[in-house]
$ cat data_30.pdb   # PDB, C-alpha atoms
MODEL        1
ATOM      1  CA  MET A   1     119.476 124.691  76.598
ATOM      2  CA  GLU A   2     116.231 124.303  74.637
ATOM      3  CA  LYS A   3     117.074 120.679  73.834
ATOM      4  CA  LEU A   4     117.720 119.953  77.520
ATOM      5  CA  VAL A   5     114.372 121.503  78.512
ATOM      6  CA  THR A   6     112.574 119.428  75.857
ATOM      7  CA  ARG A   7     114.407 116.372  77.161
ATOM      8  CA  PHE A   8     113.304 117.198  80.711
ATOM      9  CA  TYR A   9     109.677 117.408  79.616
ATOM     10  CA  GLY A  10     109.977 114.107  77.762
ATOM     11  CA  VAL A  11     111.543 112.242  80.690
ATOM     12  CA  LEU A  12     109.163 113.709  83.259
ATOM     13  CA  LEU A  13     106.055 112.905  81.238
ATOM     14  CA  SER A  14     107.318 109.434  80.332
ATOM     15  CA  ILE A  15     107.477 108.651  84.043
ATOM     16  CA  TYR A  16     104.062 110.190  84.639
ATOM     17  CA  ILE A  17     102.330 108.376  81.796
ATOM     18  CA  TYR A  18     103.787 105.061  82.975
ATOM     19  CA  ASN A  19     102.511 105.683  86.499
ATOM     20  CA  GLU A  20      99.047 106.773  85.350
ATOM     21  CA  TYR A  21      98.697 103.751  83.078
ATOM     22  CA  THR A  22      99.890 101.305  85.732
ATOM     23  CA  GLY A  23      97.658 102.998  88.283
ATOM     24  CA  TYR A  24      94.381 102.624  86.477
ATOM     25  CA  MET A  25      95.142  99.134  85.161
ATOM     26  CA  GLU A  26      95.990  97.755  88.600
ATOM     27  CA  LEU A  27      93.128  99.609  90.287
ATOM     28  CA  GLU A  28      90.721  97.970  87.848
ATOM     29  CA  LYS A  29      91.845  94.591  89.194
ATOM     30  CA  LEU A  30      91.444  95.796  92.764
ATOM     31  CA  LEU A  31      87.966  97.173  92.073
ATOM     32  CA  ALA A  32      86.876  93.840  90.592
ATOM     33  CA  ALA A  33      87.974  92.140  93.824
ATOM     34  CA  ILE A  34      86.191  94.765  95.962
ATOM     35  CA  ASN A  35      82.985  94.378  93.951
ATOM     36  CA  LYS A  36      83.094  90.636  94.496
ATOM     37  CA  LYS A  37      83.863  90.791  98.226
ATOM     38  CA  TYR A  38      81.927  93.912  99.253
ATOM     39  CA  PRO A  39      79.144  94.543  96.704
ATOM     40  CA  GLU A  40      77.123  96.413  99.332
ATOM     41  CA  GLU A  41      79.849  99.060  99.815
ATOM     42  CA  LYS A  42      78.455 101.432  97.189
ATOM     43  CA  GLU A  43      80.213 104.571  98.441
ATOM     44  CA  PHE A  44      83.586 102.848  98.641
ATOM     45  CA  ILE A  45      83.157 101.318  95.190
ATOM     46  CA  ALA A  46      82.109 104.652  93.655
ATOM     47  CA  ALA A  47      85.132 106.415  95.172
ATOM     48  CA  VAL A  48      87.560 103.802  93.834
ATOM     49  CA  ARG A  49      85.833 104.016  90.436
ATOM     50  CA  LYS A  50      86.345 107.794  90.393
ATOM     51  CA  HIS A  51      90.008 107.256  91.218
ATOM     52  CA  ILE A  52      90.352 104.860  88.271
ATOM     53  CA  ASP A  53      88.534 107.224  85.909
ATOM     54  CA  ASP A  54      90.773 110.127  86.949
ATOM     55  CA  GLU A  55      93.939 108.078  86.445
ATOM     56  CA  ARG A  56      92.759 107.113  82.982
ATOM     57  CA  LYS A  57      91.895 110.753  82.224
ATOM     58  CA  HIS A  58      95.373 111.864  83.300
ATOM     59  CA  TYR A  59      96.921 109.145  81.146
ATOM     60  CA  MET A  60      94.995 110.483  78.152
ATOM     61  CA  LEU A  61      96.101 114.063  78.880
ATOM     62  CA  PHE A  62      99.745 112.979  78.744
ATOM     63  CA  LYS A  63      99.157 110.798  75.711
ATOM     64  CA  ASN A  64      97.538 113.707  73.875
ATOM     65  CA  TYR A  65     100.486 115.933  74.788
ATOM     66  CA  PHE A  66     102.941 113.451  73.285
ATOM     67  CA  THR A  67     100.753 112.989  70.213
ATOM     68  CA  LYS A  68     100.478 116.733  69.557
ATOM     69  CA  ASN A  69     104.256 117.003  69.796
ATOM     70  CA  GLU A  70     104.650 114.003  67.467
ATOM     71  CA  ARG A  71     106.559 111.937  69.992
ATOM     72  CA  ILE A  72     106.274 108.617  71.821
ATOM     73  CA  PRO A  73     107.245 108.348  75.522
ATOM     74  CA  PHE A  74     110.694 107.147  76.499
ATOM     75  CA  PHE A  75     110.905 103.584  77.722
ATOM     76  CA  VAL A  76     110.826 103.510  81.524
ATOM     77  CA  SER A  77     110.699 100.352  83.618
ATOM     78  CA  ASP A  78     108.883  99.549  86.848
ATOM     79  CA  LYS A  79     111.890 101.027  88.666
ATOM     80  CA  TYR A  80     110.200 104.381  88.008
ATOM     81  CA  GLY A  81     106.724 103.368  89.116
ATOM     82  CA  TYR A  82     105.915 104.740  92.564
ATOM     83  CA  ILE A  83     103.317 102.149  93.485
ATOM     84  CA  ASP A  84     105.449  99.441  91.809
ATOM     85  CA  LEU A  85     108.318 100.270  94.145
ATOM     86  CA  PHE A  86     106.062 100.471  97.185
ATOM     87  CA  VAL A  87     104.581  97.046  96.460
ATOM     88  CA  LYS A  88     108.022  95.564  95.842
ATOM     89  CA  HIS A  89     109.386  96.899  99.149
ATOM     90  CA  ILE A  90     106.359  96.040 101.304
ATOM     91  CA  PHE A  91     104.831  92.956  99.657
ATOM     92  CA  LYS A  92     108.120  91.634  98.214
ATOM     93  CA  VAL A  93     106.579  90.942  94.781
ATOM     94  CA  LYS A  94     106.129  92.860  91.562
ATOM     95  CA  ILE A  95     102.843  94.708  91.294
ATOM     96  CA  LYS A  96     101.635  92.504  88.435
ATOM     97  CA  GLU A  97     102.168  89.458  90.662
ATOM     98  CA  LEU A  98      99.798  90.746  93.360
ATOM     99  CA  ASP A  99      96.827  88.449  93.812
ATOM    100  CA  GLN A 100      94.053  90.976  94.420
ATOM    101  CA  ASN A 101      91.484  88.305  95.307
ATOM    102  CA  SER A 102      93.829  86.858  97.904
ATOM    103  CA  ILE A 103      94.563  90.299  99.337
ATOM    104  CA  ILE A 104      90.905  91.285  99.595
ATOM    105  CA  ASN A 105      90.273  88.162 101.692
ATOM    106  CA  ASN A 106      93.080  88.976 104.133
ATOM    107  CA  ASN A 107      92.301  92.075 106.189
ATOM    108  CA  GLU A 108      95.883  92.853 107.172
ATOM    109  CA  LYS A 109      97.095  92.632 103.575
ATOM    110  CA  PHE A 110      94.201  94.718 102.316
ATOM    111  CA  PHE A 111      94.794  97.378 104.983
ATOM    112  CA  LYS A 112      98.458  97.411 103.963
ATOM    113  CA  LEU A 113      97.550  97.877 100.298
ATOM    114  CA  CYS A 114      95.124 100.686 101.194
ATOM    115  CA  ARG A 115      97.902 102.467 103.063
ATOM    116  CA  LEU A 116     100.310 102.103 100.146
ATOM    117  CA  ILE A 117      97.815 103.500  97.640
ATOM    118  CA  MET A 118      96.899 106.344  99.992
ATOM    119  CA  MET A 119     100.561 107.254 100.538
ATOM    120  CA  THR A 120     101.295 107.089  96.818
ATOM    121  CA  GLU A 121      98.473 109.556  96.162
ATOM    122  CA  LEU A 122      99.583 111.886  98.964
ATOM    123  CA  ARG A 123     103.109 111.873  97.545
ATOM    124  CA  GLY A 124     101.676 112.520  94.084
ATOM    125  CA  LEU A 125      99.788 115.570  95.350
ATOM    126  CA  LYS A 126     102.936 116.983  96.965
ATOM    127  CA  GLN A 127     104.886 116.400  93.761
ATOM    128  CA  VAL A 128     102.274 118.136  91.601
ATOM    129  CA  LYS A 129     102.329 121.182  93.885
ATOM    130  CA  THR A 130     106.123 121.263  93.535
ATOM    131  CA  LEU A 131     105.868 121.071  89.745
ATOM    132  CA  LEU A 132     103.314 123.879  89.641
ATOM    133  CA  ASN A 133     105.952 126.079  91.291
ATOM    134  CA  ASN A 134     108.604 125.022  88.785
ATOM    135  CA  ASN A 135     109.573 127.686  86.264
ATOM    136  CA  LEU A 136     109.965 125.180  83.422
ATOM    137  CA  ILE A 137     106.417 123.900  83.945
ATOM    138  CA  ASN A 138     105.020 127.415  84.231
ATOM    139  CA  LYS A 139     106.621 128.329  80.906
ATOM    140  CA  ASN A 140     104.759 125.502  79.169
ATOM    141  CA  GLU A 141     101.066 126.382  79.018
ATOM    142  CA  SER A 142      99.973 122.891  77.955
ATOM    143  CA  LEU A 143     101.762 121.186  80.833
ATOM    144  CA  LEU A 144     100.567 123.807  83.283
ATOM    145  CA  LYS A 145      96.958 123.013  82.356
ATOM    146  CA  ILE A 146      97.546 119.276  82.722
ATOM    147  CA  PHE A 147      99.111 119.540  86.168
ATOM    148  CA  LYS A 148      96.375 121.892  87.363
ATOM    149  CA  VAL A 149      93.814 119.236  86.395
ATOM    150  CA  ILE A 150      95.799 116.648  88.338
ATOM    151  CA  GLU A 151      96.102 118.990  91.332
ATOM    152  CA  LYS A 152      92.316 119.380  91.371
ATOM    153  CA  ASP A 153      91.638 115.629  91.094
ATOM    154  CA  GLU A 154      94.343 114.281  93.378
ATOM    155  CA  PRO A 155      92.952 115.025  96.885
ATOM    156  CA  SER A 156      89.891 112.797  96.396
ATOM    157  CA  HIS A 157      92.078 109.821  95.482
ATOM    158  CA  CYS A 158      93.152 109.292  99.090
ATOM    159  CA  TYR A 159      89.577 109.251 100.365
ATOM    160  CA  PRO A 160      88.403 105.676  99.673
ATOM    161  CA  TYR A 161      91.461 104.114 101.281
ATOM    162  CA  GLN A 162      91.388 106.427 104.314
ATOM    163  CA  TYR A 163      87.682 105.661 104.623
ATOM    164  CA  TRP A 164      88.240 101.921 104.615
ATOM    165  CA  LEU A 165      91.063 102.064 107.158
ATOM    166  CA  LYS A 166      88.979 104.207 109.532
ATOM    167  CA  LYS A 167      85.853 102.085 108.997
ATOM    168  CA  SER A 168      87.861  98.982 109.848
ATOM    169  CA  ASN A 169      89.656 100.596 112.832
ATOM    170  CA  SER A 170      93.001  99.995 111.176
ATOM    171  CA  HIS A 171      96.017 102.213 111.726
ATOM    172  CA  MET A 172      97.481 104.867 109.470
ATOM    173  CA  PRO A 173     101.007 104.489 107.991
ATOM    174  CA  ARG A 174     103.732 103.750 110.517
ATOM    175  CA  LEU A 175     107.519 104.096 110.575
ATOM    176  CA  ARG A 176     108.459 101.414 108.049
ATOM    177  CA  GLU A 177     105.964 102.600 105.445
ATOM    178  CA  ASN A 178     106.881 106.257 105.966
ATOM    179  CA  LEU A 179     110.587 105.504 105.624
ATOM    180  CA  THR A 180     109.889 103.485 102.472
ATOM    181  CA  ASP A 181     107.948 106.419 101.045
ATOM    182  CA  LEU A 182     110.862 108.773 101.696
ATOM    183  CA  TRP A 183     113.402 106.346 100.214
ATOM    184  CA  ILE A 184     111.371 105.862  97.025
ATOM    185  CA  HIS A 185     110.793 109.588  96.584
ATOM    186  CA  TYR A 186     114.366 110.755  97.116
ATOM    187  CA  SER A 187     115.971 107.903  95.198
ATOM    188  CA  LEU A 188     113.784 108.855  92.233
ATOM    189  CA  MET A 189     114.455 112.584  92.488
ATOM    190  CA  ILE A 190     118.175 112.475  93.271
ATOM    191  CA  ILE A 191     119.361 109.387  91.381
ATOM    192  CA  LYS A 192     116.915 107.830  88.933
ATOM    193  CA  VAL A 193     115.374 110.840  87.185
ATOM    194  CA  PRO A 194     118.757 112.557  86.581
ATOM    195  CA  PHE A 195     120.082 109.245  85.244
ATOM    196  CA  LEU A 196     117.295 109.145  82.641
ATOM    197  CA  LEU A 197     117.759 112.807  81.791
ATOM    198  CA  PHE A 198     121.411 112.373  80.932
ATOM    199  CA  ASN A 199     121.274 108.832  79.561
ATOM    200  CA  GLY A 200     122.139 109.217  75.896
ATOM    201  CA  LYS A 201     121.173 105.591  75.210
ATOM    202  CA  LEU A 202     117.604 105.992  76.461
ATOM    203  CA  LYS A 203     115.189 104.701  73.825
ATOM    204  CA  ARG A 204     111.611 105.641  73.097
ATOM    205  CA  ARG A 205     108.832 103.105  73.168
ATOM    206  CA  SER A 206     107.615 101.729  69.865
ATOM    207  CA  GLU A 207     104.026 102.628  70.777
ATOM    208  CA  PHE A 208     101.865 103.966  73.588
ATOM    209  CA  TYR A 209     100.833 101.798  76.507
TER     210      TYR A 209
ENDMDL
END
$ encode --input "data_30.pdb" --output "C-alpha coordinates"
Amino acid sequence: MEKLVTRFYGVLLSIYIYNEYTGYMELEKLLAAINKKYPEEKEFIAAVRKHIDDERKHYMLFKNYFTKNERIPFFVSDKYGYIDLFVKHIFKVKIKELDQNSIINNNEKFFKLCRLIMMTELRGLKQVKTLLNNNLINKNESLLKIFKVIEKDEPSHCYPYQYWLKKSNSHMPRLRENLTDLWIHYSLMIIKVPFLLFNGKLKRRSEFY
(Lines of atoms letter the chains of each structure in order from A and count residues from 1; the text may use other names and numbers.)
(Lines give C-alpha, C1' and ligand atoms only; values in the text may rest on other atoms or scores of the structure.)
Protein backbone atom coordinates (compact mmCIF):
# COMPACT_ATOMS: atom_id res chain seq x y z
CA MET A 1 0.00 0.00 0.00
CA GLU A 2 2.84 2.40 0.83
CA LYS A 3 4.39 1.85 -2.60
CA LEU A 4 1.06 2.61 -4.30
CA VAL A 5 0.67 5.84 -2.30
CA THR A 6 4.22 6.90 -3.24
CA ARG A 7 3.40 6.06 -6.85
CA PHE A 8 0.25 8.18 -6.64
CA TYR A 9 2.23 11.15 -5.37
CA GLY A 10 4.80 10.70 -8.12
CA VAL A 11 2.23 10.50 -10.93
CA LEU A 12 0.15 13.39 -9.60
CA LEU A 13 3.12 15.70 -9.18
CA SER A 14 4.61 14.70 -12.54
CA ILE A 15 1.41 15.92 -14.18
CA TYR A 16 1.40 19.09 -12.09
CA ILE A 17 5.03 19.98 -12.75
CA TYR A 18 4.51 19.49 -16.49
CA ASN A 19 1.48 21.79 -16.43
CA GLU A 20 3.21 24.47 -14.35
CA TYR A 21 6.27 24.44 -16.60
CA THR A 22 4.23 24.58 -19.80
CA GLY A 23 2.05 27.28 -18.29
CA TYR A 24 4.76 29.77 -17.48
CA MET A 25 6.76 29.10 -20.64
CA GLU A 26 3.79 29.67 -22.94
CA LEU A 27 2.54 32.65 -20.93
CA GLU A 28 5.94 34.29 -21.36
CA LYS A 29 5.38 34.17 -25.13
CA LEU A 30 1.89 35.59 -24.73
CA LEU A 31 3.12 38.40 -22.48
CA ALA A 32 5.76 39.37 -25.04
CA ALA A 33 3.00 39.69 -27.65
CA ILE A 34 0.80 41.71 -25.26
CA ASN A 35 3.67 44.06 -24.43
CA LYS A 36 4.25 44.66 -28.12
CA LYS A 37 0.58 45.20 -29.02
CA TYR A 38 -0.72 46.91 -25.87
CA PRO A 39 2.22 48.54 -24.05
CA GLU A 40 -0.14 51.06 -22.43
CA GLU A 41 -2.14 48.32 -20.66
CA LYS A 42 -0.05 48.39 -17.49
CA GLU A 43 -2.62 46.75 -15.21
CA PHE A 44 -3.27 43.92 -17.66
CA ILE A 45 0.45 43.35 -18.20
CA ALA A 46 1.17 43.34 -14.45
CA ALA A 47 -1.61 40.80 -13.82
CA VAL A 48 -0.32 38.45 -16.53
CA ARG A 49 3.21 38.87 -15.14
CA LYS A 50 1.99 37.86 -11.68
CA HIS A 51 0.34 34.81 -13.21
CA ILE A 52 3.63 33.82 -14.87
CA ASP A 53 5.61 34.37 -11.67
CA ASP A 54 3.16 32.24 -9.67
CA GLU A 55 3.31 29.41 -12.21
CA ARG A 56 7.09 29.46 -12.05
CA LYS A 57 6.95 29.50 -8.23
CA HIS A 58 4.64 26.48 -8.22
CA TYR A 59 6.96 24.69 -10.64
CA MET A 60 9.85 25.27 -8.24
CA LEU A 61 7.81 23.99 -5.27
CA PHE A 62 7.20 20.71 -7.10
CA LYS A 63 10.77 20.53 -8.31
CA ASN A 64 12.06 21.00 -4.77
CA TYR A 65 9.72 18.26 -3.55
CA PHE A 66 11.11 15.82 -6.10
CA THR A 67 14.68 16.87 -5.32
CA LYS A 68 14.25 16.38 -1.57
CA ASN A 69 12.86 12.91 -2.22
CA GLU A 70 15.75 12.17 -4.61
CA ARG A 71 13.51 11.54 -7.58
CA ILE A 72 12.90 12.89 -11.08
CA PRO A 73 9.33 13.28 -12.42
CA PHE A 74 7.80 10.58 -14.57
CA PHE A 75 7.67 11.29 -18.27
CA VAL A 76 4.25 12.67 -19.21
CA SER A 77 3.31 13.94 -22.66
CA ASP A 78 1.13 16.84 -23.76
CA LYS A 79 -1.83 14.45 -23.47
CA TYR A 80 -1.73 15.34 -19.76
CA GLY A 81 -1.43 19.08 -20.19
CA TYR A 82 -4.75 20.82 -19.52
CA ILE A 83 -4.07 23.91 -21.59
CA ASP A 84 -2.36 21.73 -24.24
CA LEU A 85 -5.56 19.74 -24.66
CA PHE A 86 -7.74 22.85 -24.67
CA VAL A 87 -5.64 24.46 -27.40
CA LYS A 88 -5.64 21.25 -29.44
CA HIS A 89 -9.44 20.92 -29.26
CA ILE A 90 -10.27 24.59 -29.88
CA PHE A 91 -7.42 25.88 -32.07
CA LYS A 92 -6.67 22.52 -33.73
CA VAL A 93 -2.89 22.88 -33.23
CA LYS A 94 -0.40 21.93 -30.56
CA ILE A 95 0.25 24.64 -28.01
CA LYS A 96 3.86 25.10 -29.15
CA GLU A 97 2.57 25.78 -32.67
CA LEU A 98 0.42 28.73 -31.54
CA ASP A 99 1.54 31.96 -33.15
CA GLN A 100 1.05 34.40 -30.27
CA ASN A 101 1.77 37.46 -32.42
CA SER A 102 -0.85 36.36 -34.93
CA ILE A 103 -3.38 35.69 -32.17
CA ILE A 104 -2.85 39.04 -30.47
CA ASN A 105 -3.66 40.78 -33.77
CA ASN A 106 -6.93 38.89 -34.21
CA ASN A 107 -9.49 39.88 -31.58
CA GLU A 108 -11.65 36.77 -31.89
CA LYS A 109 -8.66 34.45 -31.53
CA PHE A 110 -7.29 36.43 -28.61
CA PHE A 111 -10.67 36.41 -26.85
CA LYS A 112 -10.81 32.65 -27.42
CA LEU A 113 -7.35 32.19 -25.91
CA CYS A 114 -8.29 34.36 -22.92
CA ARG A 115 -11.32 32.16 -22.30
CA LEU A 116 -9.26 28.98 -22.51
CA ILE A 117 -6.66 30.25 -20.04
CA MET A 118 -9.38 31.51 -17.69
CA MET A 119 -11.20 28.16 -17.79
CA THR A 120 -7.98 26.24 -17.24
CA GLU A 121 -7.29 28.29 -14.11
CA LEU A 122 -10.85 27.89 -12.82
CA ARG A 123 -10.57 24.13 -13.30
CA GLY A 124 -7.20 24.20 -11.55
CA LEU A 125 -8.70 25.96 -8.54
CA LYS A 126 -11.50 23.38 -8.29
CA GLN A 127 -8.97 20.56 -8.54
CA VAL A 128 -6.76 22.01 -5.80
CA LYS A 129 -9.76 22.32 -3.47
CA THR A 130 -10.56 18.66 -4.17
CA LEU A 131 -6.97 17.63 -3.41
CA LEU A 132 -6.97 19.58 -0.15
CA ASN A 133 -9.88 17.38 0.95
CA ASN A 134 -8.06 14.21 -0.07
CA ASN A 135 -6.82 12.08 2.82
CA LEU A 136 -3.61 11.10 1.03
CA ILE A 137 -2.68 14.75 0.50
CA ASN A 138 -3.58 15.66 4.07
CA LYS A 139 -1.28 12.91 5.35
CA ASN A 140 1.67 14.45 3.51
CA GLU A 141 2.62 17.71 5.21
CA SER A 142 4.93 18.85 2.41
CA LEU A 143 2.30 18.40 -0.28
CA LEU A 144 -0.36 19.98 1.89
CA LYS A 145 1.76 23.13 2.18
CA ILE A 146 2.36 23.23 -1.57
CA PHE A 147 -1.31 22.91 -2.48
CA LYS A 148 -2.30 25.53 0.08
CA VAL A 149 0.10 27.96 -1.62
CA ILE A 150 -1.48 27.13 -4.97
CA GLU A 151 -4.99 27.54 -3.53
CA LYS A 152 -4.04 31.02 -2.31
CA ASP A 153 -2.49 32.08 -5.64
CA GLU A 154 -4.95 30.53 -8.06
CA PRO A 155 -7.96 32.91 -7.86
CA SER A 156 -5.98 35.90 -9.16
CA HIS A 157 -4.90 33.97 -12.25
CA CYS A 158 -8.34 34.27 -13.84
CA TYR A 159 -8.46 38.04 -13.37
CA PRO A 160 -6.44 39.39 -16.32
CA TYR A 161 -8.32 37.31 -18.86
CA GLN A 162 -11.75 38.09 -17.37
CA TYR A 163 -10.73 41.75 -17.32
CA TRP A 164 -9.78 41.75 -20.99
CA LEU A 165 -12.96 39.97 -22.09
CA LYS A 166 -15.15 42.42 -20.14
CA LYS A 167 -13.13 45.44 -21.31
CA SER A 168 -13.57 44.29 -24.90
CA ASN A 169 -17.29 43.41 -24.48
CA SER A 170 -16.57 39.82 -25.42
CA HIS A 171 -18.60 36.89 -24.14
CA MET A 172 -17.74 34.40 -21.43
CA PRO A 173 -17.31 30.67 -22.24
CA ARG A 174 -20.18 29.09 -24.15
CA LEU A 175 -21.43 25.54 -24.70
CA ARG A 176 -18.61 24.18 -26.86
CA GLU A 177 -15.86 25.45 -24.56
CA ASN A 178 -17.68 24.27 -21.43
CA LEU A 179 -18.22 20.81 -22.91
CA THR A 180 -14.55 20.67 -23.92
CA ASP A 181 -13.55 21.58 -20.37
CA LEU A 182 -15.68 18.76 -18.96
CA TRP A 183 -14.35 16.23 -21.49
CA ILE A 184 -10.72 17.11 -20.74
CA HIS A 185 -11.25 16.98 -16.98
CA TYR A 186 -13.11 13.67 -16.81
CA SER A 187 -10.98 11.92 -19.42
CA LEU A 188 -7.93 12.82 -17.33
CA MET A 189 -9.46 11.76 -14.02
CA ILE A 190 -11.21 8.58 -15.15
CA ILE A 191 -8.92 7.27 -17.90
CA LYS A 192 -5.53 8.92 -18.24
CA VAL A 193 -4.38 9.34 -14.64
CA PRO A 194 -5.31 5.75 -13.64
CA PHE A 195 -3.50 4.53 -16.76
CA LEU A 196 -0.29 6.25 -15.62
CA LEU A 197 -0.73 5.02 -12.06
CA PHE A 198 -0.88 1.39 -13.10
CA ASN A 199 1.45 1.54 -16.09
CA GLY A 200 4.43 -0.56 -15.07
CA LYS A 201 6.40 0.61 -18.12
CA LEU A 202 6.17 4.30 -17.22
CA LYS A 203 9.65 5.83 -17.28
CA ARG A 204 11.07 8.78 -15.41
CA ARG A 205 12.56 11.74 -17.19
CA SER A 206 16.33 11.94 -17.44
CA GLU A 207 16.27 15.46 -15.99
CA PHE A 208 13.94 18.24 -14.89
CA TYR A 209 12.22 20.49 -17.39
$ resolve_selection --input "data_30.pdb" --expression "the PyMOL selection byres ((chain A and resi 59-71) around 7)" --output "PDB file with C-alpha atoms, keeping the file's coordinate frame"
ATOM      1  CA  LEU A  13     106.055 112.905  81.238  1.00  0.00           C
ATOM      2  CA  ILE A  17     102.330 108.376  81.796  1.00  0.00           C
ATOM      3  CA  GLU A  20      99.047 106.773  85.350  1.00  0.00           C
ATOM      4  CA  TYR A  21      98.697 103.751  83.078  1.00  0.00           C
ATOM      5  CA  GLU A  55      93.939 108.078  86.445  1.00  0.00           C
ATOM      6  CA  ARG A  56      92.759 107.113  82.982  1.00  0.00           C
ATOM      7  CA  LYS A  57      91.895 110.753  82.224  1.00  0.00           C
ATOM      8  CA  HIS A  58      95.373 111.864  83.300  1.00  0.00           C
ATOM      9  CA  ILE A  72     106.274 108.617  71.821  1.00  0.00           C
ATOM     10  CA  PRO A  73     107.245 108.348  75.522  1.00  0.00           C
ATOM     11  CA  ILE A 146      97.546 119.276  82.722  1.00  0.00           C
TER      12      ILE A 146
END
$ resolve_selection --input "data_30.pdb" --expression "the PyMOL selection byres ((chain A and resi 101) around 10)" --output "JSON, numbers by chain"
{"A": [29, 30, 32, 33, 34, 36, 37, 98, 99, 100, 102, 103, 104, 105, 106, 110]}
$ closest_residue --input "data_30.pdb" --among "A:Glu141, A:Tyr209, A:Phe147, A:Val76" --to "Met25 (chain A)" --atoms "all atoms listed in the file"
A:Tyr209
$ resolve_selection --input "data_30.pdb" --expression "the PyMOL selection byres ((chain A and resi 170) around 10)" --output "list in words"
Asn107, Glu108, Phe111, Lys112, Arg115, Gln162, Trp164, Leu165, Lys166, Lys167, Ser168, Asn169, His171, Met172 and Pro173 of chain A
$ residues_near_point --input "data_30.pdb" --point "(111.3, 99.0, 93.5)" --cutoff "6 Å" --atoms "all atoms listed in the file" --output "number ranges by chain"
A: 79, 85, 88
$ write_last_selection --input "data_30.pdb" --atoms "C-alpha atoms" --output "CSV table (one decimal), in the coordinates of the input"
chain,number,residue,atom,x,y,z
A,79,LYS,CA,111.9,101.0,88.7
A,85,LEU,CA,108.3,100.3,94.1
A,88,LYS,CA,108.0,95.6,95.8
$ residues_near_point --input "data_30.pdb" --point "(110.8, 103.7, 74.9)" --cutoff "12 Å" --atoms "all atoms listed in the file" --output "PyMOL selection string"
chain A and resi 10-11+14-15+17-18+71-77+196+201-209
$ closest_residue --input "data_30.pdb" --among "A:His185, A:His51, A:Lys96, A:Arg174" --to "Gly124 (chain A)" --atoms "all atoms listed in the file"
A:His185
$ closest_residue --input "data_30.pdb" --among "A:Gly81, A:Leu27, A:Thr22, A:Leu4" --to "Ser187 (chain A)" --atoms "all atoms listed in the file"
A:Gly81
$ build_atoms --input "data_30.pdb" --residues "region 159-192 of chain A" --atoms "N, CA and C atoms" --output "tab-separated table (two decimals), in the frame of the given file"
chain	number	residue	atom	x	y	z
A	159	TYR	N	90.78	109.45	99.55
A	159	TYR	CA	89.58	109.25	100.36
A	159	TYR	C	89.14	107.80	100.53
A	160	PRO	N	88.95	107.02	99.47
A	160	PRO	CA	88.40	105.68	99.67
A	160	PRO	C	89.25	104.79	100.57
A	161	TYR	N	90.56	104.97	100.52
A	161	TYR	CA	91.46	104.11	101.28
A	161	TYR	C	91.53	104.57	102.74
A	162	GLN	N	91.49	105.90	102.95
A	162	GLN	CA	91.39	106.43	104.31
A	162	GLN	C	90.07	105.98	104.95
A	163	TYR	N	89.01	106.06	104.16
A	163	TYR	CA	87.68	105.66	104.62
A	163	TYR	C	87.69	104.21	105.08
A	164	TRP	N	88.27	103.34	104.28
A	164	TRP	CA	88.24	101.92	104.62
A	164	TRP	C	89.07	101.62	105.86
A	165	LEU	N	90.22	102.27	105.98
A	165	LEU	CA	91.06	102.06	107.16
A	165	LEU	C	90.35	102.53	108.43
A	166	LYS	N	89.70	103.69	108.36
A	166	LYS	CA	88.98	104.21	109.53
A	166	LYS	C	87.76	103.34	109.85
A	167	LYS	N	87.04	102.94	108.82
A	167	LYS	CA	85.85	102.08	109.00
A	167	LYS	C	86.23	100.77	109.66
A	168	SER	N	87.42	100.28	109.35
A	168	SER	CA	87.86	98.98	109.85
A	168	SER	C	88.72	99.11	111.11
A	169	ASN	N	88.84	100.34	111.63
A	169	ASN	CA	89.66	100.60	112.83
A	169	ASN	C	91.10	100.15	112.66
A	170	SER	N	91.60	100.32	111.43
A	170	SER	CA	93.00	100.00	111.18
A	170	SER	C	93.85	101.26	111.32
A	171	HIS	N	95.13	101.07	111.48
A	171	HIS	CA	96.02	102.21	111.73
A	171	HIS	C	96.44	102.89	110.43
A	172	MET	N	96.91	104.11	110.57
A	172	MET	CA	97.48	104.87	109.47
A	172	MET	C	98.94	104.41	109.28
A	173	PRO	N	99.62	104.92	108.24
A	173	PRO	CA	101.01	104.49	107.99
A	173	PRO	C	101.91	104.68	109.21
A	174	ARG	N	102.78	103.70	109.41
A	174	ARG	CA	103.73	103.75	110.52
A	174	ARG	C	105.16	103.90	109.99
A	175	LEU	N	106.13	103.75	110.88
A	175	LEU	CA	107.52	104.10	110.58
A	175	LEU	C	108.04	103.42	109.31
A	176	ARG	N	107.87	102.12	109.20
A	176	ARG	CA	108.46	101.41	108.05
A	176	ARG	C	107.90	101.94	106.73
A	177	GLU	N	106.60	102.13	106.68
A	177	GLU	CA	105.96	102.60	105.44
A	177	GLU	C	106.36	104.04	105.15
A	178	ASN	N	106.47	104.87	106.18
A	178	ASN	CA	106.88	106.26	105.97
A	178	ASN	C	108.33	106.35	105.50
A	179	LEU	N	109.19	105.52	106.06
A	179	LEU	CA	110.59	105.50	105.62
A	179	LEU	C	110.70	104.99	104.19
A	180	THR	N	109.89	104.01	103.84
A	180	THR	CA	109.89	103.48	102.47
A	180	THR	C	109.45	104.56	101.49
A	181	ASP	N	108.43	105.31	101.87
A	181	ASP	CA	107.95	106.42	101.04
A	181	ASP	C	109.06	107.43	100.79
A	182	LEU	N	109.77	107.81	101.84
A	182	LEU	CA	110.86	108.77	101.70
A	182	LEU	C	111.98	108.22	100.82
A	183	TRP	N	112.34	106.96	101.01
A	183	TRP	CA	113.40	106.35	100.21
A	183	TRP	C	113.03	106.34	98.73
A	184	ILE	N	111.81	105.92	98.42
A	184	ILE	CA	111.37	105.86	97.02
A	184	ILE	C	111.41	107.26	96.41
A	185	HIS	N	110.87	108.23	97.12
A	185	HIS	CA	110.79	109.59	96.58
A	185	HIS	C	112.19	110.16	96.29
A	186	TYR	N	113.07	110.10	97.29
A	186	TYR	CA	114.37	110.76	97.12
A	186	TYR	C	115.30	109.97	96.19
A	187	SER	N	115.16	108.67	96.15
A	187	SER	CA	115.97	107.90	95.20
A	187	SER	C	115.54	108.22	93.76
A	188	LEU	N	114.25	108.46	93.56
A	188	LEU	CA	113.78	108.86	92.23
A	188	LEU	C	114.30	110.24	91.87
A	189	MET	N	114.12	111.19	92.78
A	189	MET	CA	114.46	112.58	92.49
A	189	MET	C	115.96	112.81	92.36
A	190	ILE	N	116.74	112.18	93.21
A	190	ILE	CA	118.18	112.48	93.27
A	190	ILE	C	118.99	111.58	92.34
A	191	ILE	N	118.55	110.34	92.15
A	191	ILE	CA	119.36	109.39	91.38
A	191	ILE	C	118.71	108.99	90.05
A	192	LYS	N	117.49	108.48	90.11
A	192	LYS	CA	116.92	107.83	88.93
A	192	LYS	C	116.48	108.80	87.84
